[in-house]
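Structure data (CSV, C-alpha atoms) from my_file.csv:
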chain,number,residue,atom,x,y,z
A,1,MET,CA,-35.8,60.7,65.8
A,2,VAL,CA,-36.5,60.3,62.1
A,3,LEU,CA,-38.6,57.5,60.7
A,4,TYR,CA,-38.7,57.5,56.9
A,5,VAL,CA,-41.5,55.6,55.3
A,6,LEU,CA,-41.7,55.2,51.6
A,7,HIS,CA,-45.1,56.2,50.3
A,8,ASN,CA,-47.1,57.6,47.4
A,9,VAL,CA,-49.1,60.9,47.5
A,10,CYS,CA,-52.1,61.5,45.3
A,11,VAL,CA,-51.5,65.1,44.0
A,12,GLY,CA,-54.5,65.5,41.8
A,13,GLU,CA,-56.2,64.3,38.6
A,14,VAL,CA,-55.4,64.6,35.0
A,15,GLY,CA,-57.5,64.1,31.8
A,16,SER,CA,-61.2,64.5,31.5
A,17,GLY,CA,-64.3,62.3,31.2
A,18,PRO,CA,-63.6,58.5,31.0
A,19,HIS,CA,-59.9,59.3,30.6
A,20,ARG,CA,-59.6,61.1,33.9
A,21,THR,CA,-57.0,59.5,36.2
A,22,SER,CA,-55.2,60.2,39.4
A,23,LEU,CA,-51.7,61.6,39.4
A,24,TRP,CA,-49.3,60.2,42.0
A,25,TRP,CA,-46.0,61.5,43.3
A,26,ASN,CA,-43.5,59.3,45.1
A,27,PRO,CA,-41.2,61.6,47.2
A,28,HIS,CA,-38.6,58.9,47.7
A,29,PHE,CA,-38.1,58.3,44.0
A,30,ASP,CA,-39.0,61.9,43.1
A,31,GLU,CA,-41.3,60.8,40.3
A,32,PHE,CA,-44.9,61.3,39.1
A,33,SER,CA,-47.0,58.5,37.7
A,34,THR,CA,-50.6,57.7,36.9
A,35,GLU,CA,-50.3,54.5,39.1
A,36,PRO,CA,-49.0,54.4,42.7
A,37,ARG,CA,-45.6,52.7,42.8
A,38,ARG,CA,-45.7,49.4,44.5
A,39,ILE,CA,-43.0,49.5,47.2
A,40,GLY,CA,-42.0,47.1,50.0
A,41,ARG,CA,-43.3,47.5,53.5
A,42,GLY,CA,-40.7,48.9,55.9
A,43,GLY,CA,-38.9,52.0,56.9
A,44,ILE,CA,-35.6,53.5,58.2
A,45,LEU,CA,-35.1,54.5,61.8
A,46,ALA,CA,-32.3,57.1,61.8
A,47,ASP,CA,-31.1,58.9,64.9
A,48,SER,CA,-28.0,60.0,66.7
A,49,MET,CA,-26.0,57.4,68.7
A,50,GLY,CA,-27.4,56.7,72.1
A,51,MET,CA,-31.0,57.9,71.4
A,52,GLY,CA,-32.7,54.5,71.9
A,53,LYS,CA,-33.1,53.0,68.4
A,54,THR,CA,-32.6,49.5,69.7
A,55,VAL,CA,-35.3,50.0,72.4
A,56,VAL,CA,-37.7,51.5,69.8
A,57,THR,CA,-37.1,48.5,67.6
A,58,LEU,CA,-37.7,46.1,70.4
A,59,GLU,CA,-40.9,47.8,71.2
A,60,LEU,CA,-42.0,47.4,67.6
A,61,LEU,CA,-41.1,43.7,67.7
A,62,MET,CA,-43.0,43.1,70.9
A,63,ARG,CA,-46.1,45.0,69.7
A,64,ARG,CA,-46.2,43.2,66.3
A,65,ASN,CA,-45.2,39.7,67.4
A,66,GLU,CA,-48.7,38.4,67.5
A,67,GLY,CA,-49.4,40.0,64.1
A,68,MET,CA,-46.4,38.1,62.7
A,69,LYS,CA,-47.7,34.9,64.1
A,70,ALA,CA,-51.1,35.6,62.4
A,71,MET,CA,-49.3,36.2,59.1
A,72,VAL,CA,-47.7,32.8,59.3
A,73,ARG,CA,-51.1,31.1,59.8
A,74,ASP,CA,-52.3,32.7,56.5
A,75,PRO,CA,-51.9,29.9,53.9
A,76,SER,CA,-51.2,32.5,51.1
A,77,SER,CA,-48.4,34.1,53.1
A,78,PRO,CA,-44.8,33.3,52.0
A,79,VAL,CA,-43.7,33.6,55.6
A,80,LYS,CA,-43.6,30.3,57.4
A,81,HIS,CA,-42.2,31.4,60.8
A,82,HIS,CA,-42.8,34.6,62.8
A,83,ALA,CA,-39.2,35.3,63.7
A,84,THR,CA,-37.5,38.6,63.0
A,85,LEU,CA,-33.9,38.5,61.6
A,86,VAL,CA,-31.7,41.1,63.1
A,87,ILE,CA,-28.3,41.7,61.5
A,88,VAL,CA,-25.7,43.5,63.6
A,89,PRO,CA,-22.0,44.2,63.7
A,90,ALA,CA,-20.2,41.6,65.9
A,91,THR,CA,-19.4,44.3,68.4
A,92,VAL,CA,-23.0,44.7,69.4
A,93,MET,CA,-24.3,41.1,69.1
A,94,THR,CA,-24.0,40.4,72.9
A,95,GLN,CA,-25.8,43.7,73.6
A,96,TRP,CA,-28.7,42.8,71.3
A,97,ILE,CA,-29.1,39.4,72.8
A,98,GLY,CA,-29.0,41.0,76.3
A,99,GLU,CA,-31.5,43.7,75.4
A,100,VAL,CA,-34.0,41.2,73.9
A,101,SER,CA,-33.6,38.9,77.0
A,102,SER,CA,-33.8,41.6,79.7
A,103,LYS,CA,-36.3,44.1,78.2
A,104,THR,CA,-38.8,41.9,76.5
A,105,ASP,CA,-40.6,38.5,76.7
A,106,LEU,CA,-39.3,37.7,73.2
A,107,LYS,CA,-37.1,34.6,72.8
A,108,PRO,CA,-33.8,35.4,71.1
A,109,LEU,CA,-31.5,33.0,69.1
A,110,LYS,CA,-27.9,33.8,68.5
A,111,PHE,CA,-27.1,32.7,65.0
A,112,HIS,CA,-23.3,32.8,65.1
A,113,GLY,CA,-20.3,30.6,65.5
A,114,THR,CA,-19.8,27.0,64.6
A,115,ARG,CA,-22.8,25.6,66.6
A,116,ARG,CA,-25.5,27.7,64.7
A,117,PRO,CA,-28.3,25.8,63.1
A,118,SER,CA,-27.5,24.7,59.5
A,119,THR,CA,-31.1,24.7,58.2
A,120,PHE,CA,-34.2,26.9,58.5
A,121,GLN,CA,-35.9,23.9,60.2
A,122,GLY,CA,-33.1,23.9,62.7
A,123,ILE,CA,-33.9,27.6,63.5
A,124,THR,CA,-37.7,27.1,63.7
A,125,SER,CA,-37.4,24.0,65.9
A,126,LEU,CA,-36.0,26.3,68.6
A,127,ASP,CA,-39.0,28.7,68.0
A,128,PRO,CA,-37.3,32.0,68.4
A,129,ASP,CA,-39.0,35.4,68.1
A,130,VAL,CA,-35.7,37.1,67.2
A,131,VAL,CA,-32.7,35.7,65.4
A,132,VAL,CA,-29.6,37.8,65.8
A,133,THR,CA,-26.6,37.3,63.5
A,134,THR,CA,-23.7,39.4,62.3
A,135,TYR,CA,-23.0,41.0,58.9
A,136,ARG,CA,-20.0,38.7,58.5
A,137,THR,CA,-22.0,35.5,59.3
A,138,MET,CA,-24.7,36.6,56.8
A,139,ALA,CA,-22.2,37.2,54.1
A,140,ARG,CA,-20.4,33.9,54.7
A,141,GLU,CA,-23.7,32.0,54.7
A,142,TYR,CA,-24.6,33.6,51.3
A,143,ARG,CA,-21.2,33.0,49.8
A,144,SER,CA,-21.0,29.3,50.8
A,145,LYS,CA,-24.6,28.1,50.7
A,146,ARG,CA,-26.7,30.7,48.8
A,147,ASP,CA,-30.3,29.6,48.8
A,148,ALA,CA,-29.6,26.5,50.8
A,149,SER,CA,-28.6,28.6,53.8
A,150,ALA,CA,-30.8,28.8,56.9
A,151,LEU,CA,-30.8,32.6,56.4
A,152,PHE,CA,-31.6,32.7,52.7
A,153,SER,CA,-33.9,29.7,52.1
A,154,HIS,CA,-37.1,31.3,53.1
A,155,THR,CA,-39.0,34.6,53.7
A,156,TRP,CA,-38.5,36.2,57.1
A,157,ALA,CA,-41.4,38.0,58.8
A,158,ARG,CA,-39.2,41.0,59.4
A,159,ILE,CA,-35.5,41.9,58.7
A,160,VAL,CA,-33.7,44.6,60.8
A,161,LEU,CA,-30.3,45.9,59.8
A,162,ASP,CA,-28.6,47.6,62.8
A,163,GLU,CA,-25.7,49.9,61.9
A,164,SER,CA,-26.6,49.5,58.3
A,165,HIS,CA,-23.6,51.6,57.2
A,166,SER,CA,-21.9,48.2,57.1
A,167,ILE,CA,-23.6,47.8,53.7
A,168,LYS,CA,-23.0,51.3,52.3
A,169,ASN,CA,-20.8,50.0,49.5
A,170,SER,CA,-23.4,48.4,47.3
A,171,LYS,CA,-20.8,46.3,45.4
A,172,SER,CA,-19.5,44.6,48.6
A,173,ALA,CA,-20.3,41.0,49.2
A,174,THR,CA,-22.0,41.9,52.4
A,175,ALA,CA,-24.3,44.4,50.7
A,176,ARG,CA,-25.1,41.9,47.9
A,177,ALA,CA,-25.9,39.3,50.5
A,178,ALA,CA,-28.2,41.6,52.5
A,179,LEU,CA,-30.1,42.5,49.3
A,180,LYS,CA,-30.8,38.8,48.7
A,181,LEU,CA,-32.5,38.3,52.0
A,182,LYS,CA,-36.3,37.9,51.7
A,183,GLY,CA,-38.6,39.5,54.2
A,184,ALA,CA,-42.3,40.6,54.5
A,185,PHE,CA,-41.0,43.8,56.3
A,186,LYS,CA,-37.5,45.2,55.9

Spit out the file's structure as structure tokens when you get a sec.
Amino acid sequence: MVLYVLHNVCVGEVGSGPHRTSLWWNPHFDEFSTEPRRIGRGGILADSMGMGKTVVTLELLMRRNEGMKAMVRDPSSPVKHHATLVIVPATVMTQWIGEVSSKTDLKPLKFHGTRRPSTFQGITSLDPDVVVTTYRTMAREYRSKRDASALFSHTWARIVLDESHSIKNSKSATARAALKLKGAFK
């Protein structure tokens, strides 16, 4: 299993006296700087098919659920609900809902079909821990409603993209929509 985390490494100091400063290297961007690059919180979990990425992700969600709730209580936080948004291909949506229901004590919400909540308040009124939707639903929500959409109108506590090869074409409507999602952790 490979977990890539974007980070900065202090590799030494340059200059002398009062002009002395640290030199930072960011391996992801392959660049040196005198200031550490500010990057988002998150990572990439990459492994072969069938190796348990979904289970590992669910473990992370269970362990950090209380932390997400604490973040919401912080008045300075842009996150107003602790739910994690999980975006999946339609072919694995039922599997994700089943895994959340059977392997955790987290409360899932299926955000798909014509009976899905139309507002963020509609989602939070159901108090889910995990909101599962499809790439197609996400793209349609962005295309039709933009920032008024239940998915795009606020900052999520965490966003998980399963089978993210669905957005490998950065010019596609799906990829552009995914990039517009706001999350404390992605």

Suppose you want the space between atom CA of Phe120 of chain A and atom CA of Lys80 of chain A; what is it in Å?
10.1 Å

Near-His154 of chain A list (9 Å; all atoms listed in the file; drop same-chain fewer than 2 positions) as a list in words:
Pro78, Val79, Lys80, Phe120, Asp147, Ser149, Ala150, Leu151, Phe152, Trp156, Leu181, Lys182 and Gly183 of chain A

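Here atom CA of Glu59 of chain A and atom CA of Ala83 of chain A stand 14.7 Å from one another.
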
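Distances here use only C-alpha atoms; by that measure, the residue among A:Leu161, A:Val132, A:Met49, A:Ala70 closest to Gln95 of chain A is A:Val132.
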
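If you measure from each of A:Thr84, A:Leu126, A:Val14, A:Glu99 to Lys186 of chain A using all atoms listed in the file, the closest one turns out to be A:Thr84.
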
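The shortest atom-to-atom distance to Phe111 of chain A, with all atoms listed in the file taken into account, belongs to A:Thr137 out of A:Thr137, A:Arg158, A:Arg64, A:Pro89.
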
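Minimum atom-to-atom distances from A:Arg176, A:Lys107, A:Thr91, A:His19 to Thr124 of chain A were compared using only C-alpha atoms, and the lowest value belongs to A:Lys107.
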
Nearest to Ala90 of chain A among A:Met138, A:Met71, A:Ile159, A:Val55, with distances taken over all atoms listed in the file: which residue is it?
A:Met138

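Distances to Lys53 of chain A were evaluated for A:His82, A:Lys103, A:Ser77, A:Glu163 using all atoms listed in the file, and the minimum falls at A:Glu163.
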
Could you pull the residues within 8 Å of Lys110 of chain A, counting all atoms listed in the file, minus those fewer than 3 positions along the same chain, as a PyMOL selection string?
chain A and resi 97+116+131-133

The residues within 12 Å of (-34.5, 46.9, 70.4), using all atoms listed in the file and the coordinates of the file, should be reported as a PyMOL selection string; which are they?
chain A and resi 45+51-63+84+86+88+92-93+95-104+106+108+130+132+160-162

Quick check, in Å to one decimal: how far apart do atom CA of Asp105 of chain A and atom CA of Gly67 of chain A lie?
15.4 Å

Take every atom of segment 145-159 of chain A listed in the file, pad by 6 Å on each side, and give me the axis-aligned box centre and edge lengths in Å, one decimal, as JSON.
{"center_x": -33.0, "center_y": 34.2, "center_z": 54.1, "size_x": 28.8, "size_y": 27.4, "size_z": 22.6}

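Using only C-alpha atoms, the protein and nucleic acid residues lying no more than 10 Å from Ala148 of chain A, apart from those fewer than 5 places from it along its own chain, are Ser118, Thr119, Phe120, Glu141, Tyr142, Ser153 and His154 of chain A.
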